[in-house]
file model_22.cif (mmCIF, C-alpha atoms and all ligand atoms)
data_my_file
#
loop_
_atom_site.label_atom_id
_atom_site.label_comp_id
_atom_site.auth_asym_id
_atom_site.auth_seq_id
_atom_site.Cartn_x
_atom_site.Cartn_y
_atom_site.Cartn_z
CA ARG V 80 46.43 17.81 18.02
CA ALA V 81 45.27 14.27 18.65
CA LYS V 82 43.69 15.47 21.85
CA GLU V 83 41.84 18.19 19.99
CA GLN V 84 40.60 15.74 17.40
CA GLY V 85 39.46 13.41 20.13
CA ARG V 86 37.55 16.20 21.76
CA ASN V 87 35.91 17.21 18.52
CA THR V 88 34.90 13.67 17.81
CA TYR V 89 33.43 13.45 21.27
CA GLN V 90 31.50 16.69 20.80
CA PHE V 91 30.24 15.60 17.44
CA TYR V 92 29.09 12.35 18.94
CA THR V 93 27.17 13.96 21.82
CA GLU V 94 25.59 16.52 19.53
CA GLY V 95 24.39 13.73 17.28
CA MET V 96 22.97 11.95 20.27
CA GLN V 97 21.25 15.07 21.52
CA GLU V 98 19.75 15.67 18.12
CA ARG V 99 18.39 12.16 18.00
CA GLU V 100 17.01 12.48 21.50
CA VAL V 101 15.27 15.76 20.64
CA MET V 102 13.83 14.20 17.51
CA ARG V 103 12.67 11.21 19.51
CA LEU V 104 10.93 13.40 22.09
CA GLU V 105 9.32 15.44 19.33
CA LEU V 106 8.06 12.36 17.52
CA ASP V 107 6.73 10.99 20.79
CA LYS V 108 4.79 14.21 21.32
CA ASP V 109 3.48 14.09 17.75
CA LEU V 110 2.35 10.50 18.27
CA ASN V 111 -0.10 11.93 20.83
CA HIS V 112 -2.04 13.65 18.09
CA ALA V 113 -1.52 11.21 15.26
CA LEU V 114 -4.55 9.08 16.07
CA ALA V 115 -6.87 12.03 16.68
CA ASN V 116 -5.67 13.67 13.46
CA ASP V 117 -6.14 10.46 11.50
CA GLU V 118 -2.52 10.42 10.33
CA PHE V 119 -2.00 6.65 10.16
CA VAL V 120 -2.58 4.69 6.97
CA LEU V 121 -2.52 1.02 6.14
CA TYR V 122 -0.53 -0.13 3.14
CA PHE V 123 -1.20 -3.61 1.79
CA GLN V 124 1.24 -6.16 0.40
CA PRO V 125 -0.28 -9.09 -1.50
CA GLN V 126 0.64 -12.72 -0.90
CA LEU V 127 0.71 -14.98 -3.94
CA ASP V 128 -0.71 -18.48 -3.58
CA LEU V 129 1.75 -20.72 -5.44
CA ASN V 130 -0.80 -23.51 -5.88
CA ASP V 131 -3.04 -21.58 -8.24
CA SER V 132 -1.24 -18.22 -8.71
CA SER V 133 -4.09 -16.39 -7.01
CA ILE V 134 -4.00 -13.61 -4.44
CA ASN V 135 -6.28 -14.30 -1.50
CA SER V 136 -4.48 -12.47 1.27
CA VAL V 137 -2.68 -9.21 1.92
CA GLU V 138 -0.58 -8.04 4.85
CA ALA V 139 -1.49 -4.68 6.36
CA LEU V 140 1.60 -2.59 7.13
CA ILE V 141 1.17 0.68 8.97
CA ARG V 142 2.56 4.02 7.79
CA TRP V 143 2.44 7.42 9.48
CA GLN V 144 1.67 10.39 7.27
CA HIS V 145 3.54 12.87 9.42
CA PRO V 146 2.50 16.52 8.89
CA ARG V 147 6.11 17.69 8.50
CA ARG V 148 8.30 14.63 8.02
CA GLY V 149 6.29 12.90 5.31
CA LEU V 150 5.42 9.22 5.14
CA LEU V 151 7.18 7.35 7.96
CA PRO V 152 7.81 3.58 8.02
CA PRO V 153 6.95 1.58 11.17
CA VAL V 154 10.61 1.37 12.27
CA ASP V 155 10.51 5.15 12.89
CA PHE V 156 7.65 5.07 15.37
CA ILE V 157 6.52 1.57 16.42
CA PRO V 158 9.46 1.02 18.83
CA LEU V 159 8.75 4.47 20.31
CA ALA V 160 5.06 3.65 20.67
CA GLU V 161 5.95 0.39 22.39
CA GLU V 162 8.10 2.21 24.93
CA SER V 163 5.39 4.71 25.78
CA GLY V 164 2.57 2.19 25.68
CA ARG V 165 0.78 4.11 22.94
CA ILE V 166 1.10 0.99 20.81
CA THR V 167 -2.09 -0.32 22.45
CA ASP V 168 -4.22 2.41 20.88
CA ILE V 169 -2.37 2.20 17.58
CA GLY V 170 -2.97 -1.55 17.47
CA ARG V 171 -6.66 -1.03 18.09
CA TRP V 172 -6.76 1.44 15.25
CA VAL V 173 -4.97 -1.04 12.95
CA VAL V 174 -7.48 -3.80 13.75
CA MET V 175 -10.44 -1.47 13.23
CA ALA V 176 -9.05 -0.06 9.98
CA ALA V 177 -8.37 -3.56 8.66
CA CYS V 178 -11.93 -4.66 9.47
CA ARG V 179 -13.37 -1.54 7.83
CA GLN V 180 -11.35 -2.36 4.72
CA LEU V 181 -12.58 -5.96 4.77
CA ALA V 182 -16.16 -4.68 5.00
CA LYS V 183 -15.58 -2.47 1.96
CA TRP V 184 -14.19 -5.39 -0.01
CA GLN V 185 -16.84 -7.82 1.16
CA ASN V 186 -19.44 -7.43 -1.59
CA GLY V 187 -17.29 -6.82 -4.61
CA PRO V 188 -14.54 -8.25 -6.77
CA TYR V 189 -12.16 -8.38 -3.81
CA SER V 190 -14.39 -10.35 -1.44
CA ASN V 191 -11.91 -13.25 -1.44
CA LEU V 192 -9.22 -11.17 0.28
CA ARG V 193 -8.07 -11.84 3.81
CA ILE V 194 -6.08 -9.24 5.76
CA ALA V 195 -3.16 -10.07 8.05
CA VAL V 196 -2.35 -7.53 10.79
CA ASN V 197 0.83 -7.41 12.88
CA LEU V 198 0.50 -7.53 16.65
CA SER V 199 3.50 -7.11 18.93
CA GLY V 200 3.90 -8.95 22.22
CA ARG V 201 3.19 -5.71 24.00
CA GLU V 202 -0.19 -5.50 22.24
CA LEU V 203 -1.06 -9.07 23.16
CA ASP V 204 -0.33 -8.24 26.82
CA ASP V 205 -3.46 -6.09 26.75
CA GLU V 206 -6.17 -8.29 28.19
CA SER V 207 -8.96 -6.65 26.17
CA ILE V 208 -7.37 -6.91 22.72
CA VAL V 209 -9.26 -10.13 21.93
CA ASP V 210 -12.60 -8.51 22.82
CA HIS V 211 -11.61 -5.52 20.74
CA ILE V 212 -10.86 -7.72 17.73
CA GLN V 213 -14.18 -9.52 18.11
CA GLU V 214 -15.98 -6.19 18.37
CA ALA V 215 -14.21 -4.78 15.31
CA LEU V 216 -15.24 -7.85 13.30
CA GLU V 217 -18.85 -7.71 14.48
CA THR V 218 -19.24 -3.94 14.07
CA ASN V 219 -18.12 -4.27 10.47
CA GLY V 220 -20.00 -7.49 9.78
CA VAL V 221 -16.82 -9.32 8.83
CA PRO V 222 -16.39 -13.11 9.36
CA ALA V 223 -13.47 -13.86 11.67
CA ASP V 224 -11.68 -16.05 9.14
CA ARG V 225 -11.11 -12.99 6.93
CA LEU V 226 -8.67 -11.73 9.56
CA GLU V 227 -5.22 -13.05 10.29
CA VAL V 228 -2.92 -12.01 13.13
CA GLU V 229 0.87 -12.09 12.73
CA LEU V 230 2.96 -12.55 15.85
CA THR V 231 6.71 -12.93 16.28
CA GLU V 232 8.39 -15.63 18.33
CA GLU V 233 8.87 -13.19 21.24
CA ILE V 234 5.40 -14.17 22.46
CA PHE V 235 6.66 -17.70 23.16
CA ILE V 236 9.37 -16.46 25.50
CA GLN V 237 7.53 -14.26 27.98
CA ASN V 238 4.01 -14.41 29.47
CA ILE V 239 3.59 -17.75 27.78
CA GLU V 240 0.51 -18.78 29.69
CA HIS V 241 -1.24 -15.47 29.13
CA ASN V 242 -0.33 -15.50 25.44
CA LEU V 243 -1.52 -19.07 24.96
CA ASN V 244 -4.80 -18.09 26.55
CA GLN V 245 -5.16 -15.04 24.30
CA LEU V 246 -4.31 -16.91 21.11
CA THR V 247 -6.59 -19.81 21.96
CA LYS V 248 -9.47 -17.34 22.33
CA LEU V 249 -8.60 -15.67 19.04
CA HIS V 250 -8.35 -18.99 17.27
CA LYS V 251 -11.72 -20.07 18.64
CA LEU V 252 -13.24 -16.94 17.13
CA GLY V 253 -11.94 -18.15 13.77
CA VAL V 254 -9.09 -15.68 13.35
CA HIS V 255 -6.06 -17.18 11.58
CA LEU V 256 -2.72 -17.08 13.39
CA ALA V 257 0.65 -16.65 11.69
CA ILE V 258 4.17 -16.71 13.12
CA ASP V 259 6.10 -13.83 11.57
CA ASP V 260 9.87 -13.76 10.93
CA PHE V 261 10.09 -17.47 11.67
CA GLY V 262 13.55 -18.81 12.41
CA VAL V 263 15.23 -15.72 13.83
CA GLY V 264 13.70 -15.70 17.32
CA TYR V 265 15.12 -17.34 20.40
CA SER V 266 12.16 -19.55 21.20
CA SER V 267 11.93 -23.33 21.23
CA LEU V 268 10.00 -25.37 18.67
CA GLY V 269 7.76 -26.78 21.36
CA TYR V 270 5.29 -23.97 20.91
CA LEU V 271 4.37 -25.29 17.48
CA ARG V 272 2.91 -28.21 19.37
CA ASP V 273 1.21 -26.14 22.09
CA PHE V 274 -0.09 -23.10 20.20
CA PRO V 275 -2.82 -23.01 17.53
CA VAL V 276 -0.67 -21.92 14.55
CA ASP V 277 -2.08 -21.80 10.99
CA LEU V 278 0.87 -20.27 9.16
CA LEU V 279 4.63 -19.88 9.37
CA LYS V 280 6.30 -16.97 7.63
CA ILE V 281 9.92 -17.85 6.88
CA ASP V 282 12.07 -14.82 7.64
CA ARG V 283 13.47 -12.90 4.70
CA SER V 284 17.05 -13.52 5.89
CA PHE V 285 16.71 -17.18 4.78
CA ILE V 286 15.10 -16.30 1.45
CA THR V 287 17.51 -13.61 0.21
CA ASP V 288 20.24 -16.13 -0.76
CA VAL V 289 18.11 -19.27 -0.90
CA THR V 290 19.11 -19.99 -4.51
CA GLU V 291 22.82 -19.38 -3.87
CA ARG V 292 23.48 -20.76 -0.43
CA HIS V 293 23.19 -24.44 0.36
CA ASP V 294 22.55 -23.80 4.07
CA ASP V 295 19.68 -21.37 3.46
CA ALA V 296 18.16 -23.83 0.99
CA VAL V 297 18.40 -26.69 3.49
CA ILE V 298 16.84 -24.61 6.28
CA THR V 299 14.04 -23.36 4.04
CA ARG V 300 13.20 -26.88 2.83
CA ALA V 301 13.29 -28.20 6.39
CA VAL V 302 10.94 -25.47 7.64
CA ILE V 303 8.49 -26.18 4.81
CA ASN V 304 8.52 -29.91 5.59
CA LEU V 305 8.24 -29.37 9.33
CA ALA V 306 5.29 -27.04 8.89
CA HIS V 307 3.48 -29.27 6.40
CA ASN V 308 3.89 -32.33 8.63
CA LEU V 309 2.23 -30.32 11.41
CA GLY V 310 -0.59 -29.19 9.11
CA ILE V 311 0.73 -25.62 8.97
CA GLN V 312 0.99 -23.55 5.79
CA VAL V 313 4.16 -21.68 4.83
CA VAL V 314 4.71 -18.15 3.51
CA ALA V 315 8.14 -17.06 2.26
CA GLU V 316 8.91 -13.41 3.04
CA GLY V 317 11.02 -11.04 0.98
CA VAL V 318 10.83 -12.83 -2.38
CA GLU V 319 12.47 -10.55 -4.91
CA THR V 320 13.48 -12.78 -7.82
CA ARG V 321 11.89 -15.26 -10.17
CA GLU V 322 14.60 -17.80 -9.25
CA GLN V 323 13.48 -17.63 -5.62
CA LEU V 324 9.87 -18.12 -6.72
CA THR V 325 10.81 -21.19 -8.75
CA PHE V 326 12.80 -22.69 -5.88
CA LEU V 327 9.95 -22.12 -3.44
CA LYS V 328 7.37 -23.50 -5.81
CA ASN V 329 9.47 -26.60 -6.48
CA HIS V 330 9.73 -27.21 -2.76
CA ARG V 331 6.00 -26.80 -2.20
CA CYS V 332 6.01 -23.53 -0.32
CA ASP V 333 2.36 -22.42 -0.16
CA LEU V 334 2.59 -18.64 -0.49
CA ILE V 335 5.13 -15.96 -1.29
CA GLN V 336 5.29 -12.30 -0.40
CA GLY V 337 7.84 -9.76 -1.58
CA TYR V 338 8.82 -7.06 -4.03
CA LEU V 339 8.69 -9.56 -6.92
CA ILE V 340 4.91 -9.51 -6.59
CA SER V 341 4.45 -6.02 -5.17
CA ARG V 342 5.67 -3.56 -2.59
CA PRO V 343 3.19 -2.57 0.11
CA ILE V 344 0.72 -0.14 -1.53
CA PRO V 345 -2.41 1.83 -0.55
CA ALA V 346 -5.78 0.07 -0.89
CA ALA V 347 -6.83 1.98 -4.01
CA GLU V 348 -3.57 1.09 -5.76
CA LEU V 349 -3.95 -2.55 -4.74
CA GLU V 350 -7.45 -2.66 -6.21
CA LYS V 351 -6.17 -1.17 -9.46
CA ALA V 352 -3.26 -3.61 -9.62
CA LEU V 353 -5.53 -6.58 -8.93
CA SER V 354 -8.17 -5.63 -11.46
CA SER V 355 -5.70 -4.82 -14.22
CA GLY V 356 -3.79 -8.08 -13.79
CA LEU V 357 -0.60 -6.24 -12.85
CA LEU V 358 0.07 -8.72 -10.07
CA ASP V 359 -0.32 -11.80 -12.24
CA VAL V 360 2.85 -13.82 -12.33
CA VAL V 361 3.39 -15.87 -15.44
CA ASP V 362 3.30 -19.50 -14.42
CA THR V 363 6.68 -21.05 -13.83
CA PRO V 364 6.94 -24.73 -14.69
CA VAL V 365 7.67 -26.99 -11.73
CA GLY V 366 10.81 -29.09 -11.86
CA THR V 367 13.09 -26.64 -13.62
P1 LIG F 401 7.06 -7.60 8.94
O1 LIG F 401 5.72 -7.84 9.52
O2 LIG F 401 8.00 -8.75 8.89
O3 LIG F 401 6.79 -7.01 7.49
C1 LIG F 401 7.61 -7.22 6.38
C2 LIG F 401 8.49 -6.04 6.10
O4 LIG F 401 9.36 -6.37 5.02
C3 LIG F 401 7.72 -4.78 5.65
O5 LIG F 401 8.45 -3.64 6.07
C4 LIG F 401 7.79 -4.91 4.13
O6 LIG F 401 7.66 -3.67 3.45
C5 LIG F 401 9.17 -5.47 3.94
N1 LIG F 401 9.27 -6.25 2.69
C6 LIG F 401 8.29 -6.94 2.07
N2 LIG F 401 8.76 -7.55 0.95
C7 LIG F 401 10.06 -7.25 0.88
C8 LIG F 401 11.10 -7.59 -0.06
O7 LIG F 401 10.90 -8.31 -1.06
N3 LIG F 401 12.34 -7.08 0.20
C9 LIG F 401 12.60 -6.31 1.27
N4 LIG F 401 13.84 -5.85 1.43
N5 LIG F 401 11.65 -5.97 2.19
C10 LIG F 401 10.40 -6.44 1.99
P2 LIG F 401 7.71 -2.44 6.83
O8 LIG F 401 6.39 -2.14 6.20
O9 LIG F 401 8.70 -1.33 6.94
O10 LIG F 401 7.42 -3.04 8.26
C11 LIG F 401 8.47 -3.39 9.12
C12 LIG F 401 7.95 -4.07 10.35
O11 LIG F 401 7.16 -3.19 11.14
C13 LIG F 401 7.03 -5.26 10.07
O12 LIG F 401 7.79 -6.40 9.73
C14 LIG F 401 6.31 -5.39 11.39
O13 LIG F 401 7.10 -6.11 12.32
C15 LIG F 401 6.22 -3.95 11.85
N6 LIG F 401 4.85 -3.44 11.58
C16 LIG F 401 4.30 -3.04 10.42
N7 LIG F 401 3.02 -2.67 10.59
C17 LIG F 401 2.73 -2.88 11.90
C18 LIG F 401 1.55 -2.71 12.70
O14 LIG F 401 0.47 -2.32 12.23
N8 LIG F 401 1.67 -3.02 14.03
C19 LIG F 401 2.84 -3.49 14.58
N9 LIG F 401 2.87 -3.78 15.88
N10 LIG F 401 3.95 -3.67 13.84
C20 LIG F 401 3.90 -3.37 12.53
MG MG F 402 4.34 -9.21 9.39
MG MG F 403 8.05 -10.63 8.72
MG MG F 404 9.75 -8.22 10.70
#
call {"tool": "encode", "arguments": {"input": "model_22.cif", "output": "structure tokens"}}
result
Amino acid sequence: RAKEQGRNTYQFYTEGMQEREVMRLELDKDLNHALANDEFVLYFQPQLDLNDSSINSVEALIRWQHPRRGLLPPVDFIPLAEESGRITDIGRWVVMAACRQLAKWQNGPYSNLRIAVNLSGRELDDESIVDHIQEALETNGVPADRLEVELTEEIFIQNIEHNLNQLTKLHKLGVHLAIDDFGVGYSSLGYLRDFPVDLLKIDRSFITDVTERHDDAVITRAVINLAHNLGIQVVAEGVETREQLTFLKNHRCDLIQGYLISRPIPAAELEKALSSGLLDVVDTPVGT
């Protein structure tokens, strides 16, 4: 009886694995056509400037409008694309799409907006990505300081020399550089000295309980102070409550991003939300 159960469990397990593997292979095949079929979309999540309650930047987050599976989040296909190397072409599309959007916004009520795009280490490995970014900016007539690139700490662990070279070139163009998910990587702090960093994004895992947990509060305050003393601005990720906003404002965090302000939304929805004041956050007094 126990033996039978064990066998069934085993079968169930392998069938589940096979199913996942089949799905993975299918998705990988579909990824082949996704670019040609124009199935990717950028969603935008606004960042609120705590100094003057304005929104001057948005993060571009990719989605895949899959013909059969619906709208897929990056976790469902970015890791796959990194394995196959297709991420290089996807990244180029993201940069181009972001620059096209910036060009559209350039001469209107949203001309103040900057767009931050995510680049993985794998994408930075590509020698020509910097040229591609420059080309995308020039083709669309967009000043480089409208674009921001978000990188995770992984780029400070491998290929350090190459990455430093790439980021120095990008920075010289005028592109802003942000460190994403700060505090959860395995890198040393030395890179903050060696790399041209404009922004640190404190990982959501520190923000979630920042008003309840002493340790998270201490870490968050320390990161803000460290960054400011190095002339780097700070974004808090994953802000969902007004209490978190108040804490971050009191401790001089520069920007916040999270569901409290808005989820990531399509460009048209963002424009509507901005123009109708939906994203305005009633000012919270400092010192409460
Ligand atoms: P990320 O760059 O750290 O982006 C933040 C993620 O947190 C986004 O998930 C966003 O929707 C989510 N988020 C924002 N505010 C909140 C909040 O208040 N609460 C919670 N629970 N979550 C929040 P998303 O869009 O699923 O993206 C996941 C990750 O996929 C991104 O993490 C980024 O690493 C990667 N990614 C997204 N777009 C691209 C891209 O174009 N290229 C590459 N290489 N990676 C991308
Ligand atoms: Mg990011
Ligand atoms: Mg992040
Ligand atoms: Mg992340």
call {"tool": "residues_around", "arguments": {"input": "model_22.cif", "residues": "Asp277 (chain V)", "least_positions_apart": "4", "cutoff": "7 Å", "atoms": "all atoms listed in the file", "output": "ChimeraX atom specification"}}
result
/V:255-257,311-312
call {"tool": "closest_residue", "arguments": {"input": "model_22.cif", "among": "V:Ala296, V:Val254, V:Ile281, V:Ala139", "to": "Glu316 (chain V)", "atoms": "all atoms listed in the file"}}
result
V:Ile281
call {"tool": "residues_around", "arguments": {"input": "model_22.cif", "residues": "Ala347 (chain V)", "least_positions_apart": "6", "cutoff": "12 Å", "atoms": "all atoms listed in the file", "output": "list of chain:residue names"}}
result
V:Leu121, V:Tyr122, V:Phe123, V:Gln180, V:Lys183, V:Trp184, V:Tyr189, V:Leu353, V:Ser354
call {"tool": "axis_aligned_box", "arguments": {"input": "model_22.cif", "around": "ligand LIG 401 (chain F)", "padding_each_side": "8 Å", "output": "AutoDock Vina command-line options"}}
result
--center_x 7.2 --center_y -5.0 --center_z 7.4 --size_x 29.4 --size_y 23.4 --size_z 32.9
call {"tool": "residues_near_ligand", "arguments": {"input": "model_22.cif", "ligand": "ligand MG 404 (chain F)", "cutoff": "8 Å", "atoms": "only C-alpha atoms and all ligand atoms", "output": "mmCIF file with C-alpha atoms, keeping the file's coordinate frame"}}
result
data_model
loop_
_atom_site.group_PDB
_atom_site.id
_atom_site.type_symbol
_atom_site.label_atom_id
_atom_site.label_comp_id
_atom_site.auth_asym_id
_atom_site.auth_seq_id
_atom_site.Cartn_x
_atom_site.Cartn_y
_atom_site.Cartn_z
ATOM 1 C CA THR V 231 6.710 -12.930 16.280
ATOM 2 C CA ASP V 259 6.100 -13.830 11.570
ATOM 3 C CA ASP V 260 9.870 -13.760 10.930
ATOM 4 C CA ASP V 282 12.070 -14.820 7.640
#
call {"tool": "closest_residue", "arguments": {"input": "model_22.cif", "among": "V:Val209, V:Val314, V:Val154, V:Ala177", "to": "ligand MG 403 (chain F)", "atoms": "all atoms listed in the file"}}
result
V:Val314
call {"tool": "closest_residue", "arguments": {"input": "model_22.cif", "among": "V:Gly262, V:Pro275, V:Gly356, V:Pro188", "to": "ligand MG 403 (chain F)", "atoms": "all atoms listed in the file"}}
result
V:Gly262
call {"tool": "residues_near_ligand", "arguments": {"input": "model_22.cif", "ligand": "ligand MG 402 (chain F)", "cutoff": "7 Å", "atoms": "all atoms listed in the file", "output": "list of chain:residue names"}}
result
V:Glu138, V:Asn197, V:Glu229, V:Asp259
call {"tool": "residues_around", "arguments": {"input": "model_22.cif", "residues": "Ser136 (chain V)", "least_positions_apart": "6", "cutoff": "6 Å", "atoms": "only C-alpha atoms", "output": "list of chain:residue names"}}
result
V:Gln126, V:Leu192, V:Arg193, V:Ile194
call {"tool": "residues_near_point", "arguments": {"input": "model_22.cif", "point": "(-4.1, 7.6, 21.6)", "cutoff": "7 Å", "atoms": "only C-alpha atoms", "output": "ChimeraX atom specification"}}
result
/V:111,114,165,168-169
call {"tool": "residues_near_ligand", "arguments": {"input": "model_22.cif", "ligand": "ligand LIG 401 (chain F)", "cutoff": "7 Å", "atoms": "only C-alpha atoms and all ligand atoms", "output": "list of chain:residue names"}}
result
V:Ala139, V:Leu140, V:Ile141, V:Pro152, V:Pro153, V:Val154, V:Ile157, V:Gly170, V:Val173, V:Val196, V:Asn197, V:Leu198, V:Ser199, V:Asp259, V:Asp260, V:Glu316, V:Gly317, V:Val318, V:Glu319, V:Gln336, V:Gly337, V:Tyr338, V:Leu339, V:Arg342, V:Pro343
call {"tool": "write_last_selection", "arguments": {"input": "model_22.cif", "atoms": "C-alpha atoms", "output": "CSV table (one decimal), keeping the file's coordinate frame"}}
result
chain,number,residue,atom,x,y,z
V,139,ALA,CA,-1.5,-4.7,6.4
V,140,LEU,CA,1.6,-2.6,7.1
V,141,ILE,CA,1.2,0.7,9.0
V,152,PRO,CA,7.8,3.6,8.0
V,153,PRO,CA,7.0,1.6,11.2
V,154,VAL,CA,10.6,1.4,12.3
V,157,ILE,CA,6.5,1.6,16.4
V,170,GLY,CA,-3.0,-1.6,17.5
V,173,VAL,CA,-5.0,-1.0,13.0
V,196,VAL,CA,-2.4,-7.5,10.8
V,197,ASN,CA,0.8,-7.4,12.9
V,198,LEU,CA,0.5,-7.5,16.6
V,199,SER,CA,3.5,-7.1,18.9
V,259,ASP,CA,6.1,-13.8,11.6
V,260,ASP,CA,9.9,-13.8,10.9
V,316,GLU,CA,8.9,-13.4,3.0
V,317,GLY,CA,11.0,-11.0,1.0
V,318,VAL,CA,10.8,-12.8,-2.4
V,319,GLU,CA,12.5,-10.6,-4.9
V,336,GLN,CA,5.3,-12.3,-0.4
V,337,GLY,CA,7.8,-9.8,-1.6
V,338,TYR,CA,8.8,-7.1,-4.0
V,339,LEU,CA,8.7,-9.6,-6.9
V,342,ARG,CA,5.7,-3.6,-2.6
V,343,PRO,CA,3.2,-2.6,0.1
call {"tool": "atom_distance", "arguments": {"input": "model_22.cif", "atom1": "CA of Leu216 (chain V)", "atom2": "CA of Glu161 (chain V)"}}
result
24.5 Å
call {"tool": "residues_around", "arguments": {"input": "model_22.cif", "residues": "Arg103 (chain V)", "least_positions_apart": "3", "cutoff": "12 Å", "atoms": "all atoms listed in the file", "output": "list in words"}}
result
Met96, Gln97, Glu98, Arg99, Glu100, Leu106, Asp107, Lys108, Asp109, Leu110, Asp155, Phe156, Ile157, Pro158, Leu159, Ala160, Glu162 and Ser163 of chain V
call {"tool": "closest_residue", "arguments": {"input": "model_22.cif", "among": "V:Ser355, V:Gln185, V:Thr320, V:Ser284", "to": "ligand MG 403 (chain F)", "atoms": "all atoms listed in the file"}}
result
V:Ser284
